[in-house]
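Structure file work08.csv (CSV, N, CA and C atoms) follows.
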```
chain,number,residue,atom,x,y,z
A,1,MET,N,-5.5,-13.4,-10.5
A,1,MET,CA,-5.1,-12.1,-10.9
A,1,MET,C,-5.2,-11.9,-12.4
A,2,GLU,N,-5.8,-10.8,-12.8
A,2,GLU,CA,-5.9,-10.5,-14.2
A,2,GLU,C,-4.5,-10.2,-14.8
A,3,LYS,N,-4.2,-10.9,-15.8
A,3,LYS,CA,-2.9,-10.7,-16.5
A,3,LYS,C,-2.9,-9.3,-17.1
A,4,ASN,N,-1.8,-8.6,-17.1
A,4,ASN,CA,-1.6,-7.3,-17.8
A,4,ASN,C,-2.5,-6.2,-17.2
A,5,ASN,N,-3.1,-6.4,-16.1
A,5,ASN,CA,-3.9,-5.3,-15.5
A,5,ASN,C,-3.1,-4.6,-14.5
A,6,PRO,N,-2.6,-3.4,-14.8
A,6,PRO,CA,-1.7,-2.7,-13.8
A,6,PRO,C,-2.2,-2.5,-12.4
A,7,SER,N,-3.5,-2.2,-12.3
A,7,SER,CA,-4.1,-2.0,-11.0
A,7,SER,C,-4.1,-3.3,-10.2
A,8,SER,N,-4.4,-4.4,-10.8
A,8,SER,CA,-4.4,-5.7,-10.2
A,8,SER,C,-2.9,-6.1,-9.8
A,9,LEU,N,-2.0,-5.8,-10.7
A,9,LEU,CA,-0.6,-6.1,-10.3
A,9,LEU,C,-0.1,-5.2,-9.1
A,10,PHE,N,-0.6,-4.0,-9.1
A,10,PHE,CA,-0.2,-3.1,-8.0
A,10,PHE,C,-0.8,-3.7,-6.7
A,11,PHE,N,-2.0,-4.2,-6.7
A,11,PHE,CA,-2.6,-4.7,-5.5
A,11,PHE,C,-1.8,-5.9,-5.0
A,12,HIS,N,-1.5,-6.9,-5.9
A,12,HIS,CA,-0.8,-8.1,-5.5
A,12,HIS,C,0.7,-7.7,-5.1
A,13,LEU,N,1.3,-6.8,-5.7
A,13,LEU,CA,2.6,-6.4,-5.3
A,13,LEU,C,2.5,-5.7,-3.9
A,14,SER,N,1.5,-4.9,-3.7
A,14,SER,CA,1.3,-4.3,-2.3
A,14,SER,C,1.1,-5.4,-1.3
A,15,VAL,N,0.4,-6.4,-1.6
A,15,VAL,CA,0.3,-7.5,-0.6
A,15,VAL,C,1.7,-8.1,-0.2
A,16,GLN,N,2.5,-8.3,-1.3
A,16,GLN,CA,3.8,-8.8,-1.0
A,16,GLN,C,4.7,-7.8,-0.2
A,17,LEU,N,4.6,-6.5,-0.6
A,17,LEU,CA,5.5,-5.5,0.0
A,17,LEU,C,5.1,-5.3,1.5
A,18,CYS,N,3.8,-5.3,1.8
A,18,CYS,CA,3.3,-5.0,3.1
A,18,CYS,C,3.2,-6.3,4.0
A,19,GLY,N,3.2,-7.4,3.4
A,19,GLY,CA,3.1,-8.7,4.2
A,19,GLY,C,1.7,-8.8,4.8
A,20,VAL,N,0.7,-8.3,4.2
A,20,VAL,CA,-0.7,-8.4,4.7
A,20,VAL,C,-1.6,-8.9,3.6
A,21,GLU,N,-2.2,-10.0,3.8
A,21,GLU,CA,-3.0,-10.7,2.8
A,21,GLU,C,-4.4,-10.0,2.5
A,22,ASN,N,-4.9,-9.4,3.5
A,22,ASN,CA,-6.3,-8.8,3.3
A,22,ASN,C,-6.3,-7.3,3.1
A,23,LEU,N,-5.5,-6.8,2.2
A,23,LEU,CA,-5.6,-5.4,1.8
A,23,LEU,C,-6.9,-5.2,1.1
A,24,SER,N,-7.3,-4.0,1.1
A,24,SER,CA,-8.6,-3.6,0.4
A,24,SER,C,-8.3,-3.4,-1.1
A,25,PRO,N,-9.0,-4.2,-1.9
A,25,PRO,CA,-8.8,-4.0,-3.4
A,25,PRO,C,-9.3,-2.6,-3.8
A,26,ARG,N,-10.3,-2.1,-3.2
A,26,ARG,CA,-10.8,-0.7,-3.6
A,26,ARG,C,-9.8,0.4,-3.2
A,27,LEU,N,-9.3,0.2,-2.0
A,27,LEU,CA,-8.3,1.2,-1.6
A,27,LEU,C,-7.0,1.1,-2.5
A,28,SER,N,-6.7,-0.1,-2.9
A,28,SER,CA,-5.6,-0.3,-3.7
A,28,SER,C,-5.8,0.4,-5.1
A,29,ASP,N,-7.0,0.3,-5.6
A,29,ASP,CA,-7.3,1.0,-6.9
A,29,ASP,C,-7.0,2.5,-6.7
A,30,VAL,N,-7.5,3.1,-5.6
A,30,VAL,CA,-7.3,4.5,-5.3
A,30,VAL,C,-5.8,4.8,-5.2
A,31,TYR,N,-5.0,4.0,-4.5
A,31,TYR,CA,-3.6,4.2,-4.3
A,31,TYR,C,-2.9,4.0,-5.7
A,32,TYR,N,-3.3,3.0,-6.5
A,32,TYR,CA,-2.7,2.9,-7.8
A,32,TYR,C,-2.9,4.1,-8.6
A,33,GLU,N,-4.1,4.6,-8.7
A,33,GLU,CA,-4.4,5.8,-9.4
A,33,GLU,C,-3.6,7.0,-8.9
A,34,THR,N,-3.4,7.1,-7.6
A,34,THR,CA,-2.7,8.2,-7.0
A,34,THR,C,-1.3,8.2,-7.5
A,35,PHE,N,-0.6,7.0,-7.5
A,35,PHE,CA,0.8,6.9,-8.1
A,35,PHE,C,0.8,7.1,-9.6
A,36,ASN,N,-0.2,6.5,-10.3
A,36,ASN,CA,-0.2,6.5,-11.7
A,36,ASN,C,-0.5,7.9,-12.3
A,37,SER,N,-1.2,8.7,-11.5
A,37,SER,CA,-1.5,10.1,-12.0
A,37,SER,C,-0.4,11.1,-11.5
A,38,ASP,N,0.5,10.7,-10.7
A,38,ASP,CA,1.5,11.6,-10.2
A,38,ASP,C,2.6,11.7,-11.2
A,39,PRO,N,2.9,12.9,-11.8
A,39,PRO,CA,3.9,13.0,-12.8
A,39,PRO,C,5.3,12.4,-12.4
A,40,SER,N,5.7,12.5,-11.2
A,40,SER,CA,7.0,12.0,-10.8
A,40,SER,C,7.0,10.5,-10.6
A,41,SER,N,5.9,9.8,-10.6
A,41,SER,CA,5.8,8.4,-10.3
A,41,SER,C,5.4,7.5,-11.5
A,42,THR,N,4.7,8.1,-12.5
A,42,THR,CA,4.1,7.3,-13.6
A,42,THR,C,5.1,6.4,-14.3
A,43,VAL,N,6.2,6.9,-14.7
A,43,VAL,CA,7.1,6.1,-15.5
A,43,VAL,C,7.8,5.0,-14.6
A,44,ILE,N,8.2,5.4,-13.5
A,44,ILE,CA,8.8,4.4,-12.6
A,44,ILE,C,7.8,3.3,-12.1
A,45,LEU,N,6.6,3.7,-12.0
A,45,LEU,CA,5.5,2.7,-11.6
A,45,LEU,C,5.4,1.7,-12.6
A,46,LYS,N,5.4,2.1,-13.9
A,46,LYS,CA,5.3,1.1,-15.0
A,46,LYS,C,6.5,0.2,-15.0
A,47,ILE,N,7.7,0.7,-14.8
A,47,ILE,CA,8.9,-0.1,-14.7
A,47,ILE,C,8.8,-1.1,-13.5
A,48,LEU,N,8.3,-0.7,-12.4
A,48,LEU,CA,8.1,-1.5,-11.2
A,48,LEU,C,7.1,-2.6,-11.5
A,49,LEU,N,6.0,-2.3,-12.1
A,49,LEU,CA,5.0,-3.3,-12.4
A,49,LEU,C,5.4,-4.3,-13.5
A,50,ASP,N,6.2,-3.8,-14.4
A,50,ASP,CA,6.7,-4.7,-15.5
A,50,ASP,C,7.7,-5.7,-14.8
A,51,LYS,N,8.5,-5.2,-13.9
A,51,LYS,CA,9.5,-6.1,-13.2
A,51,LYS,C,8.7,-7.2,-12.4
A,52,TYR,N,7.7,-6.7,-11.7
A,52,TYR,CA,6.9,-7.7,-10.9
A,52,TYR,C,6.2,-8.7,-11.8
A,53,GLN,N,5.6,-8.2,-12.9
A,53,GLN,CA,5.0,-9.1,-13.9
A,53,GLN,C,6.0,-10.2,-14.4
A,54,LYS,N,7.2,-9.8,-14.7
A,54,LYS,CA,8.2,-10.8,-15.1
A,54,LYS,C,8.5,-11.8,-14.0
A,55,ILE,N,8.6,-11.3,-12.8
A,55,ILE,CA,8.8,-12.2,-11.7
A,55,ILE,C,7.7,-13.3,-11.6
A,56,LEU,N,6.4,-12.8,-11.7
A,56,LEU,CA,5.3,-13.7,-11.7
A,56,LEU,C,5.3,-14.7,-12.8
A,57,ASN,N,5.6,-14.2,-14.0
A,57,ASN,CA,5.6,-15.0,-15.2
A,57,ASN,C,6.7,-16.1,-15.2
A,58,SER,N,7.7,-15.9,-14.4
A,58,SER,CA,8.8,-16.9,-14.3
A,58,SER,C,8.4,-18.2,-13.6
A,59,ASN,N,7.3,-18.1,-12.9
A,59,ASN,CA,6.8,-19.3,-12.1
A,59,ASN,C,7.8,-19.9,-11.2
A,60,GLY,N,8.7,-19.0,-10.7
A,60,GLY,CA,9.6,-19.4,-9.7
A,60,GLY,C,9.0,-19.6,-8.3
A,61,HIS,N,9.7,-20.4,-7.5
A,61,HIS,CA,9.2,-20.6,-6.1
A,61,HIS,C,9.7,-19.6,-5.2
A,62,ASN,N,10.6,-18.8,-5.6
A,62,ASN,CA,11.2,-17.8,-4.6
A,62,ASN,C,10.8,-16.4,-5.0
A,63,ILE,N,9.5,-16.2,-5.0
A,63,ILE,CA,9.0,-14.9,-5.4
A,63,ILE,C,9.5,-13.8,-4.5
A,64,ILE,N,9.4,-14.1,-3.2
A,64,ILE,CA,9.9,-13.1,-2.2
A,64,ILE,C,11.3,-12.8,-2.4
A,65,GLN,N,12.2,-13.8,-2.6
A,65,GLN,CA,13.6,-13.5,-2.8
A,65,GLN,C,13.8,-12.8,-4.1
A,66,ARG,N,13.1,-13.0,-5.1
A,66,ARG,CA,13.2,-12.3,-6.4
A,66,ARG,C,12.8,-10.9,-6.2
A,67,ILE,N,11.7,-10.6,-5.5
A,67,ILE,CA,11.3,-9.3,-5.2
A,67,ILE,C,12.4,-8.5,-4.5
A,68,GLN,N,13.0,-9.2,-3.5
A,68,GLN,CA,14.1,-8.6,-2.7
A,68,GLN,C,15.2,-8.2,-3.7
A,69,LYS,N,15.6,-9.1,-4.5
A,69,LYS,CA,16.8,-8.9,-5.3
A,69,LYS,C,16.5,-8.0,-6.5
A,70,GLU,N,15.4,-8.2,-7.2
A,70,GLU,CA,15.1,-7.4,-8.4
A,70,GLU,C,14.3,-6.1,-8.2
A,71,ILE,N,13.7,-6.0,-7.1
A,71,ILE,CA,12.9,-4.8,-6.9
A,71,ILE,C,13.4,-4.0,-5.7
A,72,LEU,N,13.5,-4.6,-4.6
A,72,LEU,CA,13.9,-3.8,-3.4
A,72,LEU,C,15.4,-3.4,-3.4
A,73,ASP,N,16.2,-4.1,-4.1
A,73,ASP,CA,17.6,-3.8,-4.2
A,73,ASP,C,17.9,-2.8,-5.4
A,74,ASP,N,16.9,-2.5,-6.2
A,74,ASP,CA,17.0,-1.6,-7.4
A,74,ASP,C,16.9,-0.2,-6.9
A,75,ASN,N,18.0,0.6,-7.0
A,75,ASN,CA,18.1,1.9,-6.5
A,75,ASN,C,17.1,2.9,-7.2
A,76,LYS,N,16.7,2.5,-8.5
A,76,LYS,CA,15.8,3.4,-9.2
A,76,LYS,C,14.3,3.2,-8.7
A,77,LEU,N,14.1,2.0,-8.0
A,77,LEU,CA,12.7,1.7,-7.6
A,77,LEU,C,12.5,2.0,-6.1
A,78,LYS,N,13.6,2.1,-5.3
A,78,LYS,CA,13.6,2.2,-3.9
A,78,LYS,C,12.6,3.2,-3.4
A,79,ASP,N,12.7,4.5,-3.9
A,79,ASP,CA,11.9,5.5,-3.4
A,79,ASP,C,10.4,5.3,-3.6
A,80,LEU,N,10.0,4.8,-4.8
A,80,LEU,CA,8.6,4.5,-5.1
A,80,LEU,C,8.1,3.3,-4.2
A,81,VAL,N,8.9,2.3,-4.0
A,81,VAL,CA,8.5,1.2,-3.2
A,81,VAL,C,8.3,1.6,-1.7
A,82,ARG,N,9.2,2.5,-1.2
A,82,ARG,CA,9.0,3.0,0.1
A,82,ARG,C,7.8,3.8,0.2
A,83,ASN,N,7.5,4.6,-0.8
A,83,ASN,CA,6.3,5.4,-0.8
A,83,ASN,C,5.0,4.6,-0.8
A,84,ILE,N,5.0,3.5,-1.6
A,84,ILE,CA,3.9,2.6,-1.6
A,84,ILE,C,3.7,2.0,-0.2
A,85,ILE,N,4.7,1.5,0.4
A,85,ILE,CA,4.6,0.9,1.8
A,85,ILE,C,4.1,2.0,2.8
A,86,LYS,N,4.7,3.2,2.7
A,86,LYS,CA,4.3,4.3,3.6
A,86,LYS,C,2.8,4.6,3.4
A,87,LEU,N,2.4,4.7,2.2
A,87,LEU,CA,1.0,5.0,2.0
A,87,LEU,C,0.0,3.9,2.6
A,88,TRP,N,0.4,2.7,2.4
A,88,TRP,CA,-0.5,1.6,3.0
A,88,TRP,C,-0.4,1.7,4.6
A,89,TYR,N,0.8,1.9,5.1
A,89,TYR,CA,0.9,1.8,6.6
A,89,TYR,C,0.5,3.1,7.3
A,90,LEU,N,0.7,4.2,6.7
A,90,LEU,CA,0.4,5.5,7.3
A,90,LEU,C,-0.8,6.2,6.8
A,91,GLY,N,-1.3,5.8,5.6
A,91,GLY,CA,-2.4,6.5,5.0
A,91,GLY,C,-2.0,7.8,4.4
A,92,TYR,N,-0.7,8.1,4.4
A,92,TYR,CA,-0.2,9.4,3.9
A,92,TYR,C,1.2,9.2,3.4
A,93,CYS,N,1.6,10.0,2.4
A,93,CYS,CA,3.0,9.9,2.0
A,93,CYS,C,3.3,11.2,1.4
A,94,SER,N,4.3,11.9,1.9
A,94,SER,CA,4.7,13.2,1.4
A,94,SER,C,5.4,13.1,0.1
A,95,GLY,N,5.3,14.1,-0.7
A,95,GLY,CA,6.0,14.2,-2.0
A,95,GLY,C,5.2,13.7,-3.1
A,96,ILE,N,4.0,13.2,-2.9
A,96,ILE,CA,3.1,12.8,-4.0
A,96,ILE,C,2.1,13.9,-4.3
A,97,ALA,N,2.3,14.5,-5.5
A,97,ALA,CA,1.5,15.7,-5.8
A,97,ALA,C,0.0,15.4,-5.7
A,98,THR,N,-0.4,14.3,-6.2
A,98,THR,CA,-1.9,14.0,-6.3
A,98,THR,C,-2.5,13.8,-5.0
A,99,LEU,N,-1.8,13.5,-3.9
A,99,LEU,CA,-2.4,13.3,-2.6
A,99,LEU,C,-3.0,14.6,-2.1
A,100,THR,N,-2.5,15.7,-2.5
A,100,THR,CA,-3.1,17.0,-2.1
A,100,THR,C,-4.5,17.1,-2.6
A,101,GLU,N,-4.7,16.5,-3.8
A,101,GLU,CA,-6.1,16.6,-4.4
A,101,GLU,C,-7.0,15.6,-3.7
A,102,LEU,N,-6.6,14.7,-2.9
A,102,LEU,CA,-7.4,13.7,-2.3
A,102,LEU,C,-7.7,14.0,-0.9
A,103,LYS,N,-7.6,15.2,-0.5
A,103,LYS,CA,-7.8,15.6,0.9
A,103,LYS,C,-9.2,15.2,1.4
A,104,GLY,N,-10.2,15.3,0.5
A,104,GLY,CA,-11.5,14.9,1.0
A,104,GLY,C,-11.6,13.5,1.4
A,105,GLY,N,-10.8,12.6,0.9
A,105,GLY,CA,-10.8,11.2,1.3
A,105,GLY,C,-9.7,10.9,2.3
A,106,GLY,N,-8.9,11.9,2.7
A,106,GLY,CA,-7.8,11.7,3.6
A,106,GLY,C,-8.2,11.0,4.9
A,107,PHE,N,-9.3,11.3,5.5
A,107,PHE,CA,-9.7,10.6,6.7
A,107,PHE,C,-9.9,9.1,6.5
A,108,TYR,N,-10.4,8.7,5.3
A,108,TYR,CA,-10.5,7.3,5.0
A,108,TYR,C,-9.1,6.6,5.0
A,109,PHE,N,-8.2,7.2,4.3
A,109,PHE,CA,-6.8,6.7,4.2
A,109,PHE,C,-6.3,6.6,5.6
A,110,HIS,N,-6.5,7.6,6.5
A,110,HIS,CA,-6.0,7.5,7.8
A,110,HIS,C,-6.7,6.4,8.6
A,111,TYR,N,-7.9,6.2,8.5
A,111,TYR,CA,-8.6,5.2,9.2
A,111,TYR,C,-8.2,3.8,8.8
A,112,GLU,N,-8.0,3.6,7.5
A,112,GLU,CA,-7.6,2.3,6.9
A,112,GLU,C,-6.1,2.0,7.0
A,113,ALA,N,-5.3,2.9,7.5
A,113,ALA,CA,-3.9,2.7,7.5
A,113,ALA,C,-3.5,1.5,8.3
A,114,LEU,N,-2.6,0.7,7.9
A,114,LEU,CA,-2.2,-0.5,8.5
A,114,LEU,C,-1.5,-0.3,9.9
A,115,ILE,N,-1.1,0.9,10.1
A,115,ILE,CA,-0.4,1.1,11.4
A,115,ILE,C,-1.3,0.8,12.6
A,116,TRP,N,-2.6,1.0,12.4
A,116,TRP,CA,-3.5,0.8,13.5
A,116,TRP,C,-3.6,-0.7,13.9
A,117,LYS,N,-3.5,-1.6,12.9
A,117,LYS,CA,-3.5,-3.0,13.1
A,117,LYS,C,-2.2,-3.4,13.8
A,118,VAL,N,-1.1,-2.8,13.3
A,118,VAL,CA,0.2,-3.2,13.9
A,118,VAL,C,0.2,-2.7,15.4
A,119,ALA,N,-0.3,-1.6,15.7
A,119,ALA,CA,-0.3,-1.0,17.0
A,119,ALA,C,-1.5,-1.6,17.9
A,120,HIS,N,-2.3,-2.4,17.3
A,120,HIS,CA,-3.5,-3.0,18.0
A,120,HIS,C,-4.3,-1.8,18.7
A,121,ALA,N,-4.5,-0.8,17.9
A,121,ALA,CA,-5.2,0.4,18.4
A,121,ALA,C,-6.2,0.8,17.3
A,122,HIS,N,-7.0,1.8,17.6
A,122,HIS,CA,-7.9,2.4,16.6
A,122,HIS,C,-7.4,3.9,16.4
A,123,PRO,N,-7.7,4.4,15.2
A,123,PRO,CA,-7.3,5.7,14.9
A,123,PRO,C,-8.0,6.7,15.8
A,124,PRO,N,-7.3,7.8,16.2
A,124,PRO,CA,-8.0,8.8,17.1
A,124,PRO,C,-9.3,9.3,16.4
A,125,GLY,N,-10.3,9.3,17.1
A,125,GLY,CA,-11.6,9.8,16.6
A,125,GLY,C,-12.5,8.7,16.0
A,126,LEU,N,-12.0,7.5,16.0
A,126,LEU,CA,-12.8,6.4,15.5
A,126,LEU,C,-12.6,5.2,16.5
A,127,SER,N,-13.3,5.2,17.6
A,127,SER,CA,-13.1,4.1,18.5
A,127,SER,C,-14.0,2.9,18.3
A,128,GLY,N,-15.2,3.1,17.9
A,128,GLY,CA,-16.1,2.0,17.7
A,128,GLY,C,-16.7,1.6,19.0
A,129,GLY,N,-16.3,2.2,20.1
A,129,GLY,CA,-16.7,1.8,21.4
A,129,GLY,C,-17.8,2.7,21.9
A,130,TYR,N,-18.5,2.3,22.9
A,130,TYR,CA,-19.6,3.1,23.5
A,130,TYR,C,-19.0,4.1,24.5
A,131,TYR,N,-19.7,5.1,24.9
A,131,TYR,CA,-19.2,6.1,25.8
A,131,TYR,C,-18.8,5.5,27.1
A,132,GLY,N,-17.6,5.7,27.6
A,132,GLY,CA,-17.1,5.2,28.8
A,132,GLY,C,-16.4,3.8,28.7
A,133,TYR,N,-16.3,3.3,27.4
A,133,TYR,CA,-15.6,2.0,27.2
A,133,TYR,C,-14.2,2.0,27.8
A,134,TRP,N,-13.5,3.1,27.8
A,134,TRP,CA,-12.1,3.2,28.2
A,134,TRP,C,-11.8,2.9,29.6
A,135,LYS,N,-12.8,2.9,30.5
A,135,LYS,CA,-12.5,2.6,31.9
A,135,LYS,C,-12.5,1.1,32.2
A,136,TYR,N,-12.8,0.3,31.2
A,136,TYR,CA,-12.7,-1.2,31.3
A,136,TYR,C,-11.5,-1.7,30.6
A,137,LYS,N,-10.9,-2.8,31.1
A,137,LYS,CA,-9.8,-3.4,30.5
A,137,LYS,C,-10.2,-4.0,29.1
A,138,PRO,N,-9.3,-3.9,28.1
A,138,PRO,CA,-9.6,-4.4,26.8
A,138,PRO,C,-9.8,-5.9,26.9
A,139,GLU,N,-10.6,-6.4,26.0
A,139,GLU,CA,-10.8,-7.9,25.9
A,139,GLU,C,-9.6,-8.4,25.1
A,140,THR,N,-9.1,-9.6,25.4
A,140,THR,CA,-8.0,-10.1,24.7
A,140,THR,C,-8.4,-11.2,23.8
```
Using structure tokens, write down the structure that the file contains.
Amino acid sequence: MEKNNPSSLFFHLSVQLCGVENLSPRLSDVYYETFNSDPSSTVILKILLDKYQKILNSNGHNIIQRIQKEILDDNKLKDLVRNIIKLWYLGYCSGIATLTELKGGGFYFHYEALIWKVAHAHPPGLSGGYYGYWKYKPET
């Protein structure tokens, strides 16, 4: 991870918050810019990433526990952290002004949302299957 790179910190924090190792770095950059350009999130995002950087710099073994105590339990950061998780899992998060400007890419966010992996399903409109595939039992 690049030290002092906010976008990289955001990506690695997202991995920790979502519990998913293979998040898309490109999508993370878009999400980072989404929060960073939102007037209501910019300052608190910097505070969040600074706290995460301090946790990483401490070289402690209990990174997850420290994230819980120093980030998730911080009332000032809770809303932003929830919005980050919502954006990754749902591909949408209400209340973020700049998301309205990203409507052209909204389908991509929807298709890449983690909820589809959790549900072991595909997004509506993107099956990847051939016509008539639904009449056969899914492969396990």
Around the point (-2.4, 8.8, 5.7) (coordinates from the file), which residues reach within 9 Å if we count only C-alpha atoms? Answer as a list in words.
Lys86, Leu87, Trp88, Tyr89, Leu90, Gly91, Tyr92, Cys93, Gly106, Phe107, Tyr108, Phe109, His110, Tyr111, Glu112 and Ala113 of chain A
Atom N of Lys117 in chain A to atom N of Ile44 in chain A, straight-line distance in Å:
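Separation between atom N of Ile44 in chain A and atom N of Lys117 in chain A: 29.7 Å.
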Would you compute the distance between CA of Ser8 in chain A and CA of Pro123 in chain A? Give it in Å to one decimal.
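Atom-to-atom, CA of Ser8 in chain A and CA of Pro123 in chain A are spaced 27.7 Å apart.
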Using only C-alpha atoms, can you tell me which of A:Lys76, A:His122, A:Arg66, A:Lys135 comes closest to Gln53 in chain A?
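The shortest atom-to-atom distance to Gln53 in chain A comes from A:Arg66.
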Apply DSSP to the backbone of this structure and, from chain A, keep only the residues in helix (DSSP H, G or I); write these as a ChimeraX atom specification.
/A:6-18,25-36,42-57,63-72,78-90,97-112,115-118,133-135
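Relative to atom N of Val15 in chain A, atom N of His61 in chain A is found at 17.8 Å.
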Residue neighbourhood Asp29 in chain A, 8 Å, all atoms listed in the file, exclusion window fewer than 6 positions, as a PyMOL selection string
chain A and resi 7-8+10-11+35
